[in-house]
>>> print(open('target18.cif').read())   # mmCIF, C-alpha atoms
data_target
#
loop_
_atom_site.label_atom_id
_atom_site.label_comp_id
_atom_site.auth_asym_id
_atom_site.auth_seq_id
_atom_site.Cartn_x
_atom_site.Cartn_y
_atom_site.Cartn_z
CA MET A 1405 -28.37 -14.02 3.84
CA VAL A 1406 -25.19 -12.47 2.43
CA ASP A 1407 -24.47 -8.73 2.58
CA VAL A 1408 -23.53 -6.50 -0.36
CA THR A 1409 -20.03 -5.96 1.04
CA THR A 1410 -19.30 -9.67 0.47
CA PHE A 1411 -20.28 -9.34 -3.21
CA ILE A 1412 -18.01 -6.28 -3.54
CA SER A 1413 -15.04 -8.21 -2.15
CA ALA A 1414 -15.80 -11.32 -4.22
CA GLU A 1415 -15.99 -9.25 -7.41
CA GLU A 1416 -12.59 -7.76 -6.68
CA PHE A 1417 -11.08 -11.25 -6.55
CA ILE A 1418 -12.80 -12.38 -9.76
CA LEU A 1419 -11.61 -9.28 -11.63
CA SER A 1420 -8.05 -9.72 -10.34
CA GLN A 1421 -7.97 -13.11 -12.12
CA ASN A 1422 -8.96 -11.77 -15.55
CA GLN A 1423 -5.48 -11.46 -16.98
CA ALA A 1424 -2.72 -13.79 -18.09
CA SER A 1425 -0.77 -13.10 -14.89
CA PRO A 1426 -3.32 -12.57 -12.11
CA THR A 1427 -2.69 -9.65 -9.80
CA ARG A 1428 -3.11 -9.51 -6.05
CA PRO A 1429 -6.63 -8.31 -5.18
CA ARG A 1430 -6.70 -4.81 -3.74
CA ASP A 1431 -9.33 -5.86 -1.19
CA PRO A 1432 -7.62 -7.99 1.50
CA PHE A 1433 -10.84 -9.93 2.11
CA ALA A 1434 -11.38 -10.69 -1.59
CA GLN A 1435 -10.31 -14.36 -1.69
CA GLN A 1436 -12.15 -15.38 1.44
CA SER A 1437 -15.32 -13.54 0.40
CA TYR A 1438 -15.21 -15.14 -3.05
CA ALA A 1439 -14.83 -18.65 -1.65
CA GLU A 1440 -17.64 -18.18 0.86
CA LEU A 1441 -19.96 -16.60 -1.70
CA VAL A 1442 -19.48 -19.43 -4.19
CA GLN A 1443 -20.21 -22.00 -1.48
CA SER A 1444 -23.37 -20.13 -0.43
CA LEU A 1445 -24.64 -19.75 -3.99
CA ILE A 1446 -24.15 -23.43 -4.78
CA TYR A 1447 -25.26 -25.15 -1.59
CA PHE A 1448 -28.10 -22.98 -0.26
CA ASP A 1449 -31.60 -23.03 -1.73
CA GLU A 1450 -31.72 -19.26 -1.80
CA VAL A 1451 -29.23 -16.46 -1.17
CA LEU A 1452 -30.95 -13.31 0.07
CA VAL A 1453 -29.28 -9.90 -0.12
CA PRO A 1454 -30.33 -7.14 2.33
CA HIS A 1455 -30.48 -3.54 1.12
CA PRO A 1456 -28.79 -1.08 3.53
CA THR A 1457 -31.78 1.28 3.70
CA LYS A 1458 -34.84 -0.20 1.93
CA LEU A 1459 -36.99 -2.95 3.41
CA ASP A 1460 -38.67 -4.10 0.18
CA PRO A 1461 -36.10 -3.35 -2.54
CA THR A 1462 -36.00 -4.28 -6.22
CA PRO A 1463 -32.74 -5.25 -7.98
CA ALA A 1464 -32.55 -1.72 -9.44
CA ASP A 1465 -32.35 -0.26 -5.92
CA TYR A 1466 -28.87 -1.79 -5.45
CA GLY A 1467 -27.36 0.24 -8.30
CA ASP A 1468 -25.01 -0.89 -11.05
CA PHE A 1469 -22.18 -1.92 -8.70
CA PRO A 1470 -21.03 -4.45 -7.75
CA ARG A 1471 -21.66 -5.82 -11.23
CA ILE A 1472 -21.56 -9.43 -10.06
CA LEU A 1473 -24.65 -8.76 -7.96
CA ARG A 1474 -26.53 -7.43 -10.98
CA HIS A 1475 -25.68 -10.59 -12.96
CA LEU A 1476 -26.69 -12.89 -10.11
CA PHE A 1477 -29.98 -11.02 -9.69
CA ASP A 1478 -30.63 -11.52 -13.41
CA LEU A 1479 -30.00 -15.25 -13.01
CA ARG A 1480 -32.28 -15.34 -9.94
CA ILE A 1481 -29.68 -17.14 -7.86
CA ALA A 1482 -29.41 -14.09 -5.61
CA VAL A 1483 -32.61 -12.36 -4.50
CA PRO A 1484 -33.30 -9.06 -2.70
CA LEU A 1485 -34.37 -9.57 0.92
CA SER A 1486 -37.85 -8.18 1.53
CA ILE A 1487 -39.45 -7.20 4.85
CA ARG A 1488 -43.20 -6.62 4.49
CA GLY A 1489 -46.39 -6.17 6.49
CA ASN A 1490 -46.28 -7.45 10.05
CA GLU A 1491 -42.58 -8.21 9.68
CA GLU A 1492 -41.89 -4.47 9.76
CA VAL A 1493 -43.36 -4.23 13.26
CA THR A 1494 -41.30 -7.18 14.45
CA LEU A 1495 -38.20 -5.68 12.83
CA ALA A 1496 -38.74 -2.35 14.61
CA GLY A 1497 -38.64 -4.20 17.92
CA ALA A 1498 -35.52 -6.14 16.97
CA GLU A 1499 -33.72 -2.98 15.87
CA HIS A 1500 -34.78 -1.17 19.05
CA THR A 1501 -33.27 -3.97 21.11
CA ALA A 1502 -30.02 -3.82 19.13
CA LEU A 1503 -29.86 -0.02 19.51
CA GLU A 1504 -30.40 -0.22 23.26
CA THR A 1505 -27.53 -2.68 23.52
CA LEU A 1506 -25.40 -0.41 21.33
CA LYS A 1507 -26.10 2.57 23.58
CA THR A 1508 -25.29 0.54 26.69
CA THR A 1509 -22.29 -1.55 25.70
CA GLY A 1510 -21.47 -0.64 22.07
CA VAL A 1511 -18.36 1.45 22.73
CA GLU A 1512 -17.05 -1.15 25.16
CA THR A 1513 -17.68 -3.91 22.60
CA LEU A 1514 -15.83 -2.05 19.85
CA LEU A 1515 -12.81 -1.39 22.05
CA LYS A 1516 -12.78 -4.99 23.26
CA LEU A 1517 -13.03 -6.13 19.65
CA ILE A 1518 -9.87 -4.23 18.71
CA ASP A 1519 -8.05 -5.51 21.79
CA LYS A 1520 -9.12 -9.14 21.36
CA THR A 1521 -8.41 -9.08 17.62
CA ARG A 1522 -4.92 -7.79 18.37
CA ARG A 1523 -4.44 -10.73 20.76
CA ALA A 1524 -5.78 -13.16 18.16
CA ASP A 1525 -3.34 -11.76 15.60
CA ARG A 1526 -0.48 -12.41 18.00
CA GLU A 1527 -1.75 -15.96 18.49
CA VAL A 1528 -1.87 -16.48 14.72
CA GLN A 1529 1.72 -15.28 14.45
CA GLN A 1530 2.82 -17.62 17.24
CA HIS A 1531 1.29 -20.54 15.35
CA GLY A 1532 3.06 -19.57 12.13
CA GLY A 1533 0.01 -18.16 10.38
CA SER A 1534 -0.02 -15.13 8.12
CA GLN A 1535 -3.56 -13.82 8.71
CA ARG A 1536 -3.35 -10.41 10.44
CA MET A 1537 -6.89 -9.17 10.90
CA LEU A 1538 -6.00 -5.65 12.06
CA THR A 1539 -3.66 -5.16 9.11
CA LYS A 1540 -6.38 -6.40 6.76
CA ILE A 1541 -8.95 -4.06 8.30
CA ALA A 1542 -6.69 -1.06 7.69
CA ALA A 1543 -6.03 -2.16 4.10
CA TRP A 1544 -9.76 -2.71 3.56
CA ALA A 1545 -10.46 0.86 4.73
CA ASP A 1546 -8.03 2.19 2.09
CA TYR A 1547 -9.62 0.03 -0.62
CA GLN A 1548 -13.13 1.19 0.26
CA SER A 1549 -12.07 4.83 0.35
CA GLU A 1550 -10.56 4.63 -3.12
CA ASN A 1551 -13.06 2.34 -4.85
CA VAL A 1552 -16.42 2.14 -3.08
CA ARG A 1553 -17.06 5.46 -1.36
CA ASN A 1554 -18.48 7.23 -4.39
CA GLN A 1555 -21.89 8.21 -5.67
CA SER A 1556 -22.18 5.53 -8.37
CA HIS A 1557 -21.24 2.70 -5.97
CA HIS A 1558 -22.12 3.20 -2.29
CA GLY A 1559 -24.18 6.31 -2.98
CA ALA A 1560 -26.53 4.40 -5.28
CA ARG A 1561 -27.73 2.39 -2.26
CA ILE A 1562 -27.57 5.00 0.48
CA ASP A 1563 -28.24 8.15 -1.61
CA MET A 1564 -30.23 10.93 0.08
CA LEU A 1565 -30.74 8.92 3.27
CA ALA A 1566 -27.09 9.53 4.12
CA GLY A 1567 -25.21 12.59 5.20
CA ALA A 1568 -22.26 14.08 3.35
CA ASP A 1569 -20.05 11.45 5.03
CA GLY A 1570 -21.98 8.60 3.37
CA VAL A 1571 -23.38 7.30 6.66
CA GLU A 1572 -27.12 6.85 7.19
CA ARG A 1573 -29.07 9.45 9.15
CA ASP A 1574 -30.99 6.77 11.07
CA PRO A 1575 -30.24 5.90 14.75
CA PHE A 1576 -27.59 3.34 13.76
CA GLY A 1577 -25.77 6.00 11.72
CA GLN A 1578 -26.14 8.55 14.51
CA TRP A 1579 -24.56 6.13 16.96
CA ALA A 1580 -21.72 5.43 14.52
CA ARG A 1581 -20.96 9.16 14.19
CA ALA A 1582 -21.07 9.79 17.92
CA SER A 1583 -18.93 6.78 18.84
CA SER A 1584 -16.46 7.55 16.05
CA PHE A 1585 -15.94 11.02 17.47
CA ALA A 1586 -15.60 9.68 21.02
CA MET A 1587 -13.13 6.91 20.08
CA GLU A 1588 -11.08 8.70 17.43
CA GLY A 1589 -7.93 8.68 19.52
CA GLN A 1590 -8.29 5.05 20.51
CA PHE A 1591 -8.76 3.97 16.87
CA ARG A 1592 -5.82 6.03 15.63
CA ASN A 1593 -3.32 3.18 15.97
CA LEU A 1594 -5.49 1.13 13.59
CA ILE A 1595 -6.61 3.80 11.10
CA THR A 1596 -5.25 7.33 11.20
CA ASP A 1597 -7.86 9.01 8.98
CA SER A 1598 -10.95 10.02 11.00
CA GLU A 1599 -13.31 9.65 8.02
CA GLN A 1600 -12.10 6.10 7.44
CA GLN A 1601 -12.61 5.39 11.14
CA LEU A 1602 -16.23 6.51 10.82
CA TRP A 1603 -16.69 4.43 7.66
CA LEU A 1604 -15.35 1.33 9.43
CA ILE A 1605 -17.59 1.79 12.48
CA ALA A 1606 -20.65 2.47 10.31
CA THR A 1607 -19.91 -0.70 8.30
CA LEU A 1608 -19.64 -2.78 11.46
CA VAL A 1609 -22.81 -1.32 12.96
CA ARG A 1610 -24.76 -1.88 9.74
CA SER A 1611 -24.29 -5.61 10.32
CA LEU A 1612 -26.55 -5.28 13.38
CA ARG A 1613 -29.33 -3.97 11.16
CA TYR A 1614 -28.82 -6.97 8.87
CA SER A 1615 -28.70 -9.36 11.82
CA ALA A 1616 -32.04 -7.99 13.06
CA ARG A 1617 -33.58 -8.63 9.63
CA ALA A 1618 -32.21 -12.18 9.57
CA LYS A 1619 -33.76 -12.88 12.97
CA VAL A 1620 -37.13 -11.54 11.79
CA LYS A 1621 -36.99 -13.76 8.68
CA THR A 1622 -35.54 -16.69 10.70
CA ILE A 1623 -32.70 -17.17 8.23
CA ALA A 1624 -28.95 -17.58 8.66
CA TYR A 1625 -26.76 -14.51 8.14
CA THR A 1626 -23.16 -14.97 7.05
CA PRO A 1627 -21.57 -11.52 7.44
CA HIS A 1628 -18.64 -10.21 5.43
CA PRO A 1629 -15.38 -11.37 7.10
CA LEU A 1630 -14.70 -7.80 8.27
CA ARG A 1631 -18.00 -7.77 10.16
CA ARG A 1632 -18.02 -11.32 11.43
CA ASP A 1633 -16.08 -10.95 14.65
CA PHE A 1634 -18.03 -7.83 15.64
CA SER A 1635 -21.43 -9.28 14.74
CA ILE A 1636 -20.86 -12.52 16.66
CA MET A 1637 -19.16 -10.77 19.57
CA PHE A 1638 -22.06 -8.30 19.86
CA ASP A 1639 -24.66 -11.09 19.83
CA LEU A 1640 -22.75 -13.15 22.38
CA PHE A 1641 -22.38 -10.18 24.73
CA ASP A 1642 -26.07 -9.42 24.19
CA ASP A 1643 -26.90 -13.00 25.22
CA GLY A 1644 -24.83 -12.68 28.39
CA VAL A 1645 -22.01 -15.01 27.36
CA PRO A 1646 -18.97 -14.71 29.69
CA GLU A 1647 -16.11 -12.56 28.43
CA ASN A 1648 -13.55 -15.39 28.42
CA THR A 1649 -15.85 -17.40 26.13
CA VAL A 1650 -16.18 -14.43 23.79
CA GLU A 1651 -12.41 -14.12 23.65
CA GLU A 1652 -12.12 -17.79 22.67
CA VAL A 1653 -14.68 -17.25 19.93
CA ILE A 1654 -12.85 -14.21 18.52
CA SER A 1655 -9.62 -16.21 18.52
CA ALA A 1656 -11.28 -19.05 16.63
CA VAL A 1657 -13.49 -17.22 14.15
CA ARG A 1658 -11.80 -17.07 10.77
CA GLY A 1659 -14.00 -18.14 7.84
CA ILE A 1660 -17.41 -19.73 8.37
CA PRO A 1661 -17.44 -20.23 12.16
CA THR A 1662 -19.10 -23.14 13.92
CA GLU A 1663 -20.03 -20.59 16.58
CA ILE A 1664 -22.41 -18.99 14.08
CA ARG A 1665 -24.98 -21.61 15.14
CA GLN A 1666 -25.34 -19.63 18.38
CA VAL A 1667 -26.56 -16.72 16.26
CA ALA A 1668 -28.27 -18.50 13.36
CA GLY A 1669 -30.06 -21.18 15.35
CA GLY A 1670 -29.77 -24.94 15.33
CA ARG A 1671 -30.97 -25.88 11.86
CA HIS A 1672 -29.10 -23.22 9.87
CA GLY A 1673 -26.02 -23.51 12.04
CA ARG A 1674 -26.02 -27.26 11.47
CA ARG A 1675 -26.16 -26.73 7.72
CA LEU A 1676 -23.18 -24.39 7.91
CA GLN A 1677 -21.29 -27.06 9.85
CA LEU A 1678 -22.01 -29.59 7.12
CA LEU A 1679 -20.53 -27.24 4.53
CA GLU A 1680 -17.16 -27.54 6.25
CA TYR A 1681 -16.77 -30.97 4.68
CA GLU A 1682 -14.26 -31.23 1.87
CA LEU A 1683 -16.28 -30.96 -1.33
CA PRO A 1684 -14.95 -30.66 -4.86
CA LEU A 1685 -15.55 -26.98 -5.42
CA LEU A 1686 -14.17 -23.89 -3.79
CA GLY A 1687 -14.61 -21.87 -6.95
CA GLY A 1688 -11.16 -22.76 -8.20
CA ARG A 1689 -12.38 -24.52 -11.33
CA LEU A 1690 -14.83 -21.93 -12.62
CA TRP A 1691 -12.14 -20.78 -15.05
CA SER A 1692 -8.91 -22.07 -16.53
CA LEU A 1693 -5.63 -20.48 -17.51
CA ARG A 1694 -6.74 -20.22 -21.13
CA ASP A 1695 -9.84 -18.24 -20.11
CA ARG A 1696 -7.83 -15.42 -18.55
CA GLY A 1697 -7.24 -12.12 -20.26
CA ARG A 1698 -9.48 -12.87 -23.25
CA HIS A 1699 -12.58 -10.96 -22.19
CA SER A 1700 -13.61 -7.53 -20.99
CA ASP A 1701 -14.25 -7.31 -17.25
CA GLU A 1702 -18.00 -7.16 -17.88
CA ARG A 1703 -17.96 -10.28 -20.05
CA TRP A 1704 -15.65 -12.05 -17.59
CA LEU A 1705 -18.04 -11.43 -14.68
CA GLU A 1706 -21.01 -12.53 -16.77
CA MET A 1707 -19.20 -15.75 -17.77
CA ILE A 1708 -18.24 -16.65 -14.18
CA CYS A 1709 -21.78 -16.02 -12.92
CA GLY A 1710 -23.11 -18.25 -15.71
CA ARG A 1711 -20.76 -21.05 -14.68
CA ILE A 1712 -21.84 -20.71 -11.05
CA ASP A 1713 -25.43 -21.05 -12.25
CA GLU A 1714 -24.55 -24.17 -14.27
CA TYR A 1715 -22.81 -25.80 -11.32
CA ARG A 1716 -25.70 -24.87 -9.06
CA SER A 1717 -27.99 -26.83 -11.39
CA ARG A 1718 -25.72 -29.88 -11.17
CA ALA A 1719 -25.70 -29.67 -7.37
CA ILE A 1720 -29.48 -29.61 -6.96
CA ASP A 1721 -29.70 -33.14 -5.51
CA PHE A 1722 -27.08 -32.44 -2.89
CA ARG A 1723 -28.66 -29.07 -2.09
CA ARG A 1724 -32.04 -30.77 -1.63
CA ALA A 1725 -30.52 -33.34 0.73
CA LEU A 1726 -28.81 -30.58 2.68
CA SER A 1727 -31.99 -28.53 3.04
CA HIS A 1728 -33.86 -31.55 4.43
CA CYS A 1729 -31.55 -31.85 7.44
CA ASN A 1730 -34.04 -30.84 10.13
CA THR A 1731 -32.77 -33.12 12.88
CA GLU A 1732 -29.44 -34.27 14.23
CA GLU A 1733 -30.17 -37.76 12.94
CA GLU A 1734 -30.75 -36.50 9.39
CA ALA A 1735 -27.65 -34.33 9.54
CA ARG A 1736 -25.54 -37.24 10.73
CA ARG A 1737 -26.95 -39.43 7.96
CA LEU A 1738 -25.81 -36.90 5.36
CA GLU A 1739 -22.40 -36.68 7.02
CA LEU A 1740 -22.10 -40.45 6.72
CA ASP A 1741 -23.12 -40.26 3.07
CA ILE A 1742 -20.34 -37.77 2.38
CA GLU A 1743 -17.82 -39.79 4.34
CA GLY A 1744 -19.02 -43.00 2.69
CA VAL A 1745 -18.61 -41.70 -0.86
CA ARG A 1746 -15.16 -40.37 -0.05
CA ASP A 1747 -14.08 -43.57 1.68
CA GLN A 1748 -15.46 -45.72 -1.14
CA LEU A 1749 -13.41 -43.81 -3.66
CA LEU A 1750 -10.27 -43.94 -1.56
CA ARG A 1751 -10.49 -47.61 -0.63
CA ARG A 1752 -12.01 -49.30 -3.66
CA LEU A 1753 -11.05 -47.20 -6.64
CA GLY A 1754 -7.42 -46.39 -6.03
CA LEU A 1755 -7.79 -42.63 -6.02
CA ASP A 1756 -5.00 -40.23 -5.24
CA THR A 1757 -4.99 -36.49 -4.80
CA ALA A 1758 -4.97 -34.48 -8.00
CA GLU A 1759 -2.70 -31.50 -8.35
CA THR A 1760 -4.60 -28.31 -7.64
CA ASN A 1761 -4.65 -25.62 -10.27
CA GLU A 1762 -3.20 -22.18 -9.60
CA THR A 1763 -6.47 -20.62 -8.48
CA GLU A 1764 -7.30 -23.48 -6.11
CA ALA A 1765 -3.81 -23.38 -4.62
CA GLY A 1766 -4.15 -19.67 -3.88
CA LEU A 1767 -7.56 -20.12 -2.29
CA ILE A 1768 -6.42 -23.04 -0.15
CA ASP A 1769 -3.25 -21.22 0.91
CA ALA A 1770 -5.36 -18.25 2.01
CA VAL A 1771 -7.14 -20.53 4.48
CA ALA A 1772 -4.42 -23.02 5.37
CA SER A 1773 -2.57 -20.65 7.70
CA VAL A 1774 -5.41 -20.82 10.22
CA ALA A 1775 -7.01 -24.16 9.39
CA ASP A 1776 -4.99 -26.15 11.93
CA TRP A 1777 -5.98 -24.09 14.95
CA GLY A 1778 -9.31 -22.53 14.10
CA THR A 1779 -12.37 -23.10 12.00
CA SER A 1780 -12.10 -22.29 8.31
CA ILE A 1781 -14.10 -22.14 5.12
CA PRO A 1782 -14.52 -25.38 3.16
CA THR A 1783 -11.32 -26.41 1.39
CA THR A 1784 -11.23 -28.43 -1.78
CA ARG A 1785 -9.16 -31.55 -2.16
CA SER A 1786 -10.01 -32.58 -5.71
CA LEU A 1787 -9.62 -36.26 -6.47
CA ARG A 1788 -9.08 -38.03 -9.77
CA LEU A 1789 -9.76 -41.59 -10.83
CA ALA A 1790 -6.74 -43.79 -11.38
CA LEU A 1791 -7.26 -46.36 -14.17
CA VAL A 1792 -10.84 -47.23 -13.14
CA PRO A 1793 -13.78 -46.05 -15.30
CA PHE A 1794 -16.43 -44.12 -13.39
CA ARG A 1795 -19.41 -45.95 -14.95
CA ARG A 1796 -18.19 -49.27 -13.58
CA TYR A 1797 -19.09 -48.22 -10.03
CA SER A 1798 -21.76 -45.55 -10.43
CA GLY A 1799 -24.55 -48.08 -10.05
CA THR A 1800 -23.51 -49.05 -6.51
CA LEU A 1801 -24.67 -45.75 -4.96
CA GLU A 1802 -28.22 -45.52 -3.72
CA SER A 1803 -29.25 -41.85 -3.73
CA LEU A 1804 -29.01 -39.01 -6.23
CA HIS A 1805 -26.98 -36.78 -3.94
CA GLN A 1806 -24.50 -39.61 -3.37
CA LYS A 1807 -24.11 -39.88 -7.12
CA PHE A 1808 -23.58 -36.13 -7.37
CA LEU A 1809 -20.79 -36.30 -4.78
CA TYR A 1810 -19.25 -39.27 -6.53
CA ARG A 1811 -19.29 -37.60 -9.94
CA GLU A 1812 -17.72 -34.42 -8.60
CA PHE A 1813 -14.99 -36.15 -6.63
CA VAL A 1814 -14.12 -38.20 -9.68
CA ARG A 1815 -14.39 -35.45 -12.21
CA GLY A 1816 -12.42 -32.94 -10.15
CA MET A 1817 -14.20 -30.32 -12.25
#
>>> encode(input="target18.cif", output="structure tokens")
Amino acid sequence: MVDVTTFISAEEFILSQNQASPTRPRDPFAQQSYAELVQSLIYFDEVLVPHPTKLDPTPADYGDFPRILRHLFDLRIAVPLSIRGNEEVTLAGAEHTALETLKTTGVETLLKLIDKTRRADREVQQHGGSQRMLTKIAAWADYQSENVRNQSHHGARIDMLAGADGVERDPFGQWARASSFAMEGQFRNLITDSEQQLWLIATLVRSLRYSARAKVKTIAYTPHPLRRDFSIMFDLFDDGVPENTVEEVISAVRGIPTEIRQVAGGRHGRRLQLLEYELPLLGGRLWSLRDRGRHSDERWLEMICGRIDEYRSRAIDFRRALSHCNTEEEARRLELDIEGVRDQLLRRLGLDTAETNETEAGLIDAVASVADWGTSIPTTRSLRLALVPFRRYSGTLESLHQKFLYREFVRGM
């Protein structure tokens, strides 16, 4: 499950690339969200999208923005998440539990989140990294205020169920308003505007509603990077994990965290771990330099979504193998397959590392600053064949997903 906020950020990155000289995305989480979304769309059987207020939504209920979501719905590679029948009763219980925890420890968790994130930022700086989460959060609040908090975007999903401030009138929204008022002074060093403070808190708290739905559906939830620390921290506190462990998690979580298995459960968490292997696509080869600046934004988004769909079709054998990893033994077997294909290419075929294109370099650089001391999203190290024809060795691999990996490593997209 991937939330709408991730699609908004990913679209901002894609649009920033649609010109001869790409601009810096206005959303500070744009690159990371794009990379994670592409990985999810390609390697998971189904990507479900929760609606902020409706339990059984149709694609039309999400509105016209973000446009990338509309295109992916049309292609059926993203699907609205539906809660029906008896699931609604189960969900009510899960939400009640989350609300009780919010009322008991929510304010404390938010304040600890800010404090621990500030410490993590200092640790990043000490290790030479450039990722400053608190700075990015403040910049994200400005971006949302200018581009998302309007009737045609956010209002199309929340609409009459929200107050004039754009926050839901349900118990989660009520808690967000009350806590925002109570903590306004303590949040002032992060965001000075009180309305933006409320918007940030409401966005974080909404992830708990999504997390409850994921638990009811027994699916993995990969929150938007802004929400990730809060969502995992809240669940860990709720499970009684010691505070020093939570602090270690917050320091480590940047990108798809291995700790998400504590929230998602063994099978889905294991699949997320497998995706940390170096595979030949981070989204950097979905367009080339000659593609840029030749299309309208609408056509550009439609083209990129079509290419994701095409690559998803090519990756079906690997996706099937990944989805069949129900045990540690099966997961390890797939890991060995991936390692074996990579090692075979390196040892027998004389491969060396291909130069990354401009888009790939930017994506990898966005992750590299934290990759050495924390978990990160999958990075691509595209390989190219040196003087040896592919077909000469393609018959030596046993399974279809091995052949897929081989082709993609060789082709380098």
>>> closest_residue(input="target18.cif", among="A:Asn1593, A:Pro1629, A:Glu1572, A:Pro1461", to="A:Ala1606", atoms="all atoms listed in the file")
A:Glu1572
>>> closest_residue(input="target18.cif", among="A:Ile1636, A:Ala1624, A:Ala1616, A:Leu1485", to="A:Phe1448", atoms="all atoms listed in the file")
A:Ala1624
>>> residues_around(input="target18.cif", residues="stretch 1551-1565 of chain A", least_positions_apart="2", cutoff="12 Å", atoms="all atoms listed in the file", output="ChimeraX atom specification")
/A:1408-1409,1412-1413,1416,1430-1431,1454-1458,1461-1471,1544-1549,1567-1575,1577,1599-1600,1603-1604,1607,1610
>>> closest_residue(input="target18.cif", among="A:Pro1627, A:Gln1590, A:Glu1714, A:Ala1719", to="A:Leu1514", atoms="all atoms listed in the file")
A:Gln1590
>>> resolve_selection(input="target18.cif", expression="the PyMOL selection byres ((chain A and resi 1628) around 7)", output="ChimeraX atom specification")
/A:1407,1409-1410,1437,1626-1627,1629-1632
>>> atom_distance(input="target18.cif", atom1="atom CA of A:Glu1550", atom2="atom CA of A:Leu1452")
27.3 Å
>>> resolve_selection(input="target18.cif", expression="the PyMOL selection byres ((chain A and resi 1705) around 12)", output="ChimeraX atom specification")
/A:1411,1414-1422,1469-1476,1690-1691,1695-1696,1699-1704,1706-1712
>>> closest_residue(input="target18.cif", among="A:Arg1698, A:Lys1619, A:Arg1613, A:Lys1507", to="A:Leu1459", atoms="only C-alpha atoms")
A:Arg1613
>>> residues_around(input="target18.cif", residues="A:Ser1717", least_positions_apart="2", cutoff="12 Å", atoms="all atoms listed in the file", output="ChimeraX atom specification")
/A:1445-1449,1479,1481,1710-1715,1719-1724,1808
>>> closest_residue(input="target18.cif", among="A:Arg1617, A:Ala1498, A:Phe1591, A:Lys1540", to="A:Pro1432", atoms="only C-alpha atoms")
A:Lys1540
>>> atom_distance(input="target18.cif", atom1="atom CA of A:Glu1492", atom2="atom CA of A:Thr1622")
13.8 Å
>>> closest_residue(input="target18.cif", among="A:Leu1612, A:Ala1542, A:Val1483, A:Ala1439", to="A:Val1453", atoms="all atoms listed in the file")
A:Val1483
>>> atom_distance(input="target18.cif", atom1="atom CA of A:Met1637", atom2="atom CA of A:His1500")
18.3 Å
>>> axis_aligned_box(input="target18.cif", around="stretch 1425-1444 of chain A", padding_each_side="5 Å", output="AutoDock Vina command-line options")
--center_x -12.1 --center_y -13.4 --center_z -6.4 --size_x 32.6 --size_y 27.2 --size_z 27.0
>>> resolve_selection(input="target18.cif", expression="the PyMOL selection byres ((chain A and resi 1587) around 10)", output="list in words")
Val1511, Leu1514, Leu1515, Ala1582, Ser1583, Ser1584, Phe1585, Ala1586, Glu1588, Gly1589, Gln1590, Phe1591, Arg1592, Ser1598, Gln1601 and Leu1602 of chain A
